[in-house]
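Colleague: Here it is, the structure, as structure tokens.
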Amino acid sequence: EDGYRLWLRTQAPVEGPIAISRLGDTPTLRLAEAELRRDLPAAANLPVLVALASDPSVSALRLPVADLGNEGYLVRPVSLGGRPVLLVTGNTDRGVLYGAFALIRHAASGGQIGSATLRSAPKVKLRVLNHWDNLDGTVERGYSGESLWDWWKLPDYRDPRYTDYARANASIGINGTVLNNVNAKADSLTAPYIAKAAALADVFRPWGIRVYLSARFSAPIEIGGLKTADPRDPAVAAWWKAKADEIYRAIPDFGGFLVKANSEGQPGPRDYGASHADGANMLAAAVKPHGGIVMWRAFVYADTDPEDRAKQAYTEFKPLDGKFADNVMVQVKNGAIDFQPREPFHPLFGAMPRTPLMMEFQITKEYLGQATHLAYLGPLFTEVLEAKTGRGRETVASVVDGESERHQLTGMAGVANIGDDRDWTGGTFNQANWYAFGRLAWDPSLDAAAIAREWAQQTFGTDPRVVDPVVDMMMRSREAVVDYTGPLGLAHVMATGHHYGPGPWVSELQRPEWNPVYYHRADRQGIGFDRSRTGSNAVAQYAPAVAKLYANPRTTPESELLWFHHLPWDYRLKSGETLWEGMVRRYDRGVATVATMRREWDGLRALVDAERWEKTAAFLSIQEREARWWRDASLAYWQSVNGLPLPAGVAAPEHDLAWYKAQSFPHAPGNPH
Ligand SMILES: CO[C@H]1[C@H](O)[C@@H](O)[C@H](O)O[C@@H]1C(=O)O
């Protein structure tokens, strides 16, 4: 059973019964009580009471609950009718449920129960998973088996795993889920699929989770029999309105639509010469009477700027600021290209003050070793959230959480890494990325290391002999992937299609922006994409204070150097090494870090259960082998371009370039395009 339990594990047997009671009766309050009974891991002398803040006996205490909003919670010892209790409360039953999970988390990470005082309200309103799940059960960029949704047996059969899924999400504050892939099929909007989605919505509702659907823009043609999907055509708008009404009859709290339009072959308003705002607003009008929203993705390839793909989303969307309806959010990937191991923050953050921007992170590790490589994404997420946009003290987090422009509609989306694998995410450590996403969506100011610790304690127990090395491994892991795949700001050097292994030599694909050579631009003289004023001038898309830093290689952080600059191989890094030496050293460092992680994990053999120990040990051995592969294949290629020798004392690639080019990754999942 343990393999299915994620971070919600009872760590210590309950010593004697903890008295847990409840005032009020809703399905969600009952869940809050049941969760505490099930998972409060240690005994408390204090009875625990679950109750709404509006319950007369609680409101008589005049507790500070006004600013907890709809989802916040307060946990604290109080005296009720002369009797001391630990009160778990909130203004809504969802708040109470989050409070119960906060108390469980607090206890499972070593906190005292009796004296617990916990209080928090989410900073972001919509905390949403995006499933790239297809109706045939496959998952685009999913590395954890097939889709969790058993479309065939829905709506009749509600697999208990749907409840487990909802529970895990609720435990970290996730309150929405988009069920189907953004590369959407119109079928997902037909009556049978609406009924299936409604069954899932019924399961998720008591856990505070709303269901959303990805909408295919051309659905009025494909399933509606119309001749056009032009958003300015009244018949098209009427079709969507009727469709929304139909969905809301089945799912009264349906969240709304997510749309990928005019991107990678998806239809959209641009097909008719209409703008993204025209398309989004037409859908927004359809869901508006029901309180729904539209999440319109900014991930587009536009012909407006063939010279630099990194500029296209901004070029297309920035002029639309202020043109979107008030129930539209524009959903922007964290970086301007595509979920690379490291990208500078997307220039749209801070550039569309009149539009609520939703952050889109990828939890599934499409470009970071997929299921097997250990890469804890907490530091990737926080690095972006903490980035300063250059407009006063504004950070990306303050744009996303609405603080910057006082937006009420705020959101964070994470592309899910969940499938029907025994451990849900294809590997134990991948669970941490789901966990970290939820925690940061609740509060983008949380610290990545603190989240890692909290997760490790709940997952492996509080023994510091386990927790300390696990946190250490996690905190180094993402940088190791950056080092062995593409250090110093290199990006998109993966083999195309599956995106798993190295392919810096790939140059023959039809679209220039699919070819790694387009991104690294390595030649005999140098390497890197010039996005400064002498190049594509993508730097000008940032606010002046940031643009100025990025325009100059000396003031660009070295971790992002080759993203913005094309530099000679003998360019001097701050360390005094040449660019080439610094690159080689980082590739080596990446491999060495994985070797260290492996040693650390080896040392935990006696302290972690055999099943999870062995799986992670096997994965780390795969990762070490492939980190070396990445390093060797990359160095062999760079040497073929620059003709430079390796610095003294550095091991040469094991094989020649031709050998690496001939390899494929037959086991790599993912779909080529
Ligand atoms: C859903 O399609 C994906 C595609 O598989 C992926 O390679 C890329 O990351 O981005 C696309 C997107 O985000 O739309």
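Chain labels A, B, ... are given in the sequence in which chains occur in the structure tokens; within each chain residues are numbered consecutively from 1, and ligands are likewise numbered from 1 in the order shown.
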Please produce, as a Markdown table, a per-residue contact table for stretch 193-303 of chain A versus stretch 182-185 of chain A (criterion: any atom at most 9 Å away, only C-alpha atoms considered), showing the nearest atom pair and its distance in Å to one decimal, sorted by chain then residue number.
Modeller:
| residue | atom | partner | partner_atom | distance |
| --- | --- | --- | --- | --- |
| A:Leu213 | CA | A:Val182 | CA | 8.7 |
| A:Ser214 | CA | A:Val182 | CA | 5.4 |
| A:Ala215 | CA | A:Ala184 | CA | 6.2 |
| A:Arg216 | CA | A:Ala184 | CA | 5.2 |
| A:Phe217 | CA | A:Ala184 | CA | 8.8 |
| A:Ala219 | CA | A:Lys185 | CA | 8.1 |
| A:Leu258 | CA | A:Val182 | CA | 7.1 |
| A:Val259 | CA | A:Val182 | CA | 6.4 |
| A:Lys260 | CA | A:Val182 | CA | 5.6 |
| A:Ala261 | CA | A:Val182 | CA | 8.9 |
| A:Glu264 | CA | A:Asn183 | CA | 8.7 |
| A:Gly265 | CA | A:Asn183 | CA | 8.8 |
| A:Gln266 | CA | A:Asn183 | CA | 6.8 |
Colleague: To check your reading of the model: which residues sit at most 9 Å from ligand 1 when counting only C-alpha atoms and all ligand atoms? Write the answer as a list in words.
Modeller: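 Those within range of ligand 1 are Trp132, Glu140, Arg141, Asn181, Val182, Asn183, Ala184, Lys260, Ser263, Glu264, Arg297, Phe299, Val300, Lys333, Ile337, Asp338, Phe339, Gln340, Gln362, Glu366, Tyr367, Val415, Gly497, His498, His499, Gly670, Asn671, Pro672 and His673 of chain A.
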Colleague: Just write the chosen residues, N, CA and C atoms, as a PDB file, in the first residue's frame.
Modeller:
ATOM      1  N   TRP A 132      -2.043  16.931 -19.446  1.00  0.00           N
ATOM      2  CA  TRP A 132      -1.947  16.819 -20.892  1.00  0.00           C
ATOM      3  C   TRP A 132      -2.409  15.412 -21.281  1.00  0.00           C
ATOM      4  N   GLU A 140       0.499  13.240 -23.100  1.00  0.00           N
ATOM      5  CA  GLU A 140       1.570  13.955 -23.793  1.00  0.00           C
ATOM      6  C   GLU A 140       2.612  14.399 -22.775  1.00  0.00           C
ATOM      7  N   ARG A 141       3.861  14.013 -23.033  1.00  0.00           N
ATOM      8  CA  ARG A 141       4.975  14.329 -22.121  1.00  0.00           C
ATOM      9  C   ARG A 141       4.723  13.784 -20.723  1.00  0.00           C
ATOM     10  N   ASN A 181      -5.714  17.372 -22.385  1.00  0.00           N
ATOM     11  CA  ASN A 181      -4.572  17.997 -23.047  1.00  0.00           C
ATOM     12  C   ASN A 181      -4.937  19.320 -23.731  1.00  0.00           C
ATOM     13  N   VAL A 182      -4.024  20.275 -23.653  1.00  0.00           N
ATOM     14  CA  VAL A 182      -4.208  21.526 -24.398  1.00  0.00           C
ATOM     15  C   VAL A 182      -4.168  21.305 -25.907  1.00  0.00           C
ATOM     16  N   ASN A 183      -3.487  20.255 -26.330  1.00  0.00           N
ATOM     17  CA  ASN A 183      -3.646  19.824 -27.724  1.00  0.00           C
ATOM     18  C   ASN A 183      -4.950  19.040 -27.735  1.00  0.00           C
ATOM     19  N   ALA A 184      -6.038  19.774 -27.814  1.00  0.00           N
ATOM     20  CA  ALA A 184      -7.342  19.215 -27.433  1.00  0.00           C
ATOM     21  C   ALA A 184      -8.072  18.597 -28.615  1.00  0.00           C
ATOM     22  N   LYS A 260      -5.216  26.486 -25.957  1.00  0.00           N
ATOM     23  CA  LYS A 260      -3.981  26.650 -26.723  1.00  0.00           C
ATOM     24  C   LYS A 260      -4.424  26.956 -28.144  1.00  0.00           C
ATOM     25  N   SER A 263      -0.980  27.596 -32.097  1.00  0.00           N
ATOM     26  CA  SER A 263       0.330  27.177 -31.620  1.00  0.00           C
ATOM     27  C   SER A 263       0.495  25.717 -31.969  1.00  0.00           C
ATOM     28  N   GLU A 264       1.590  25.390 -32.599  1.00  0.00           N
ATOM     29  CA  GLU A 264       1.903  23.996 -32.925  1.00  0.00           C
ATOM     30  C   GLU A 264       0.720  23.282 -33.565  1.00  0.00           C
ATOM     31  N   ARG A 297      -3.639  30.584 -23.310  1.00  0.00           N
ATOM     32  CA  ARG A 297      -2.177  30.433 -23.250  1.00  0.00           C
ATOM     33  C   ARG A 297      -1.446  31.395 -24.186  1.00  0.00           C
ATOM     34  N   PHE A 299       1.607  30.671 -25.111  1.00  0.00           N
ATOM     35  CA  PHE A 299       2.645  29.870 -25.764  1.00  0.00           C
ATOM     36  C   PHE A 299       2.312  29.737 -27.247  1.00  0.00           C
ATOM     37  N   VAL A 300       2.780  30.686 -28.014  1.00  0.00           N
ATOM     38  CA  VAL A 300       2.493  30.670 -29.440  1.00  0.00           C
ATOM     39  C   VAL A 300       3.791  30.768 -30.236  1.00  0.00           C
ATOM     40  N   LYS A 333       4.070  30.687 -19.897  1.00  0.00           N
ATOM     41  CA  LYS A 333       5.101  29.772 -19.401  1.00  0.00           C
ATOM     42  C   LYS A 333       6.162  30.559 -18.654  1.00  0.00           C
ATOM     43  N   ILE A 337      10.928  30.336 -24.039  1.00  0.00           N
ATOM     44  CA  ILE A 337      11.044  29.259 -25.024  1.00  0.00           C
ATOM     45  C   ILE A 337      10.157  28.086 -24.622  1.00  0.00           C
ATOM     46  N   ASP A 338      10.622  27.231 -23.731  1.00  0.00           N
ATOM     47  CA  ASP A 338       9.796  26.052 -23.477  1.00  0.00           C
ATOM     48  C   ASP A 338      10.342  25.169 -22.361  1.00  0.00           C
ATOM     49  N   PHE A 339      10.144  25.562 -21.120  1.00  0.00           N
ATOM     50  CA  PHE A 339      10.417  24.672 -19.984  1.00  0.00           C
ATOM     51  C   PHE A 339      11.829  24.082 -19.998  1.00  0.00           C
ATOM     52  N   GLN A 340      12.803  24.864 -20.418  1.00  0.00           N
ATOM     53  CA  GLN A 340      14.174  24.377 -20.403  1.00  0.00           C
ATOM     54  C   GLN A 340      14.679  24.258 -18.958  1.00  0.00           C
ATOM     55  N   GLN A 362       6.035  23.666 -15.650  1.00  0.00           N
ATOM     56  CA  GLN A 362       5.895  22.268 -16.034  1.00  0.00           C
ATOM     57  C   GLN A 362       6.395  21.408 -14.880  1.00  0.00           C
ATOM     58  N   GLU A 366       9.818  17.238 -18.889  1.00  0.00           N
ATOM     59  CA  GLU A 366      10.040  16.955 -20.308  1.00  0.00           C
ATOM     60  C   GLU A 366      11.501  17.126 -20.717  1.00  0.00           C
ATOM     61  N   TYR A 367      12.115  18.195 -20.247  1.00  0.00           N
ATOM     62  CA  TYR A 367      13.484  18.511 -20.665  1.00  0.00           C
ATOM     63  C   TYR A 367      14.504  18.281 -19.547  1.00  0.00           C
ATOM     64  N   VAL A 415       1.878  21.839 -15.209  1.00  0.00           N
ATOM     65  CA  VAL A 415       1.610  20.708 -16.095  1.00  0.00           C
ATOM     66  C   VAL A 415       1.924  19.427 -15.324  1.00  0.00           C
ATOM     67  N   GLY A 497      12.005  15.765 -30.849  1.00  0.00           N
ATOM     68  CA  GLY A 497      11.009  14.709 -30.736  1.00  0.00           C
ATOM     69  C   GLY A 497      10.826  14.319 -29.289  1.00  0.00           C
ATOM     70  N   HIS A 498      11.698  13.409 -28.810  1.00  0.00           N
ATOM     71  CA  HIS A 498      11.484  12.932 -27.438  1.00  0.00           C
ATOM     72  C   HIS A 498      12.075  13.862 -26.376  1.00  0.00           C
ATOM     73  N   HIS A 499      13.023  14.704 -26.745  1.00  0.00           N
ATOM     74  CA  HIS A 499      13.582  15.685 -25.800  1.00  0.00           C
ATOM     75  C   HIS A 499      14.311  15.048 -24.618  1.00  0.00           C
ATOM     76  N   GLY A 670       7.370   9.890 -24.964  1.00  0.00           N
ATOM     77  CA  GLY A 670       7.123  11.230 -25.486  1.00  0.00           C
ATOM     78  C   GLY A 670       6.857  11.145 -26.968  1.00  0.00           C
ATOM     79  N   ASN A 671       6.162  12.128 -27.461  1.00  0.00           N
ATOM     80  CA  ASN A 671       5.765  12.037 -28.851  1.00  0.00           C
ATOM     81  C   ASN A 671       6.503  13.055 -29.697  1.00  0.00           C
ATOM     82  N   PRO A 672       7.055  12.626 -30.789  1.00  0.00           N
ATOM     83  CA  PRO A 672       7.788  13.564 -31.634  1.00  0.00           C
ATOM     84  C   PRO A 672       6.858  14.522 -32.370  1.00  0.00           C
ATOM     85  N   HIS A 673       7.297  15.711 -32.565  1.00  0.00           N
ATOM     86  CA  HIS A 673       6.617  16.584 -33.516  1.00  0.00           C
ATOM     87  C   HIS A 673       7.650  17.512 -34.123  1.00  0.00           C
TER      88      HIS A 673
END
Colleague: Excluding same-chain residues fewer than 6 positions from A:Asn169, what lies within 9 Å of it counting only C-alpha atoms, as a CSV table (one decimal) with C-alpha atoms, in the first residue's frame?
Modeller:
chain,number,residue,atom,x,y,z
A,175,ASN,CA,-8.0,23.7,-6.1
A,176,GLY,CA,-8.5,23.1,-9.8
A,207,TRP,CA,-12.0,18.3,-1.6
A,209,ILE,CA,-11.3,21.0,-6.4
A,434,TRP,CA,4.0,18.0,-7.5
A,435,TYR,CA,4.2,18.8,-3.8
A,438,GLY,CA,1.1,23.0,-4.8
Colleague: Could you check which of A:Ala618, A:Met352, A:Leu357, A:Asp423 is closest to A:Thr315, using only C-alpha atoms?
Modeller: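 For A:Thr315, the nearest of the candidates is A:Met352.
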Colleague: Determine the nearest neighbour of A:Arg83 from the options A:Leu409, A:Ala662, A:Leu49, A:Ile194, counting only C-alpha atoms.
Modeller: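 Under the stated criterion, the closest residue is A:Leu49.
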Colleague: Out of stretch 307-366 of chain A, which residues get strand (DSSP E) from DSSP, as a list of chain:residue names?
Modeller: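 Secondary structure check on stretch 307-366 of chain A, strand (DSSP E): A:Val328, A:Met329, A:Val330, A:Gln331, A:Val332, A:Lys333, A:Leu357, A:Met358, A:Met359, A:Glu360, A:Phe361, A:Gln362.
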Colleague: Where in stretch 473-645 of chain A does DSSP assign helix (DSSP H, G or I), given as a ChimeraX atom specification?
Modeller: /A:473-485,512-514,516-520,538-541,544-551,558-564,579-602,610-642
Colleague: Neighbouring residues of stretch 553-567 of chain A were defined as those with any atom within 12 Å, considering only C-alpha atoms; residues of the same chain fewer than 6 positions away were excluded. Please report them as a ChimeraX atom specification.
Modeller: /A:308,310,335-337,340-345,383,479,482-483,486-492,518-540,545-547,573-575,578-580,582-583,586
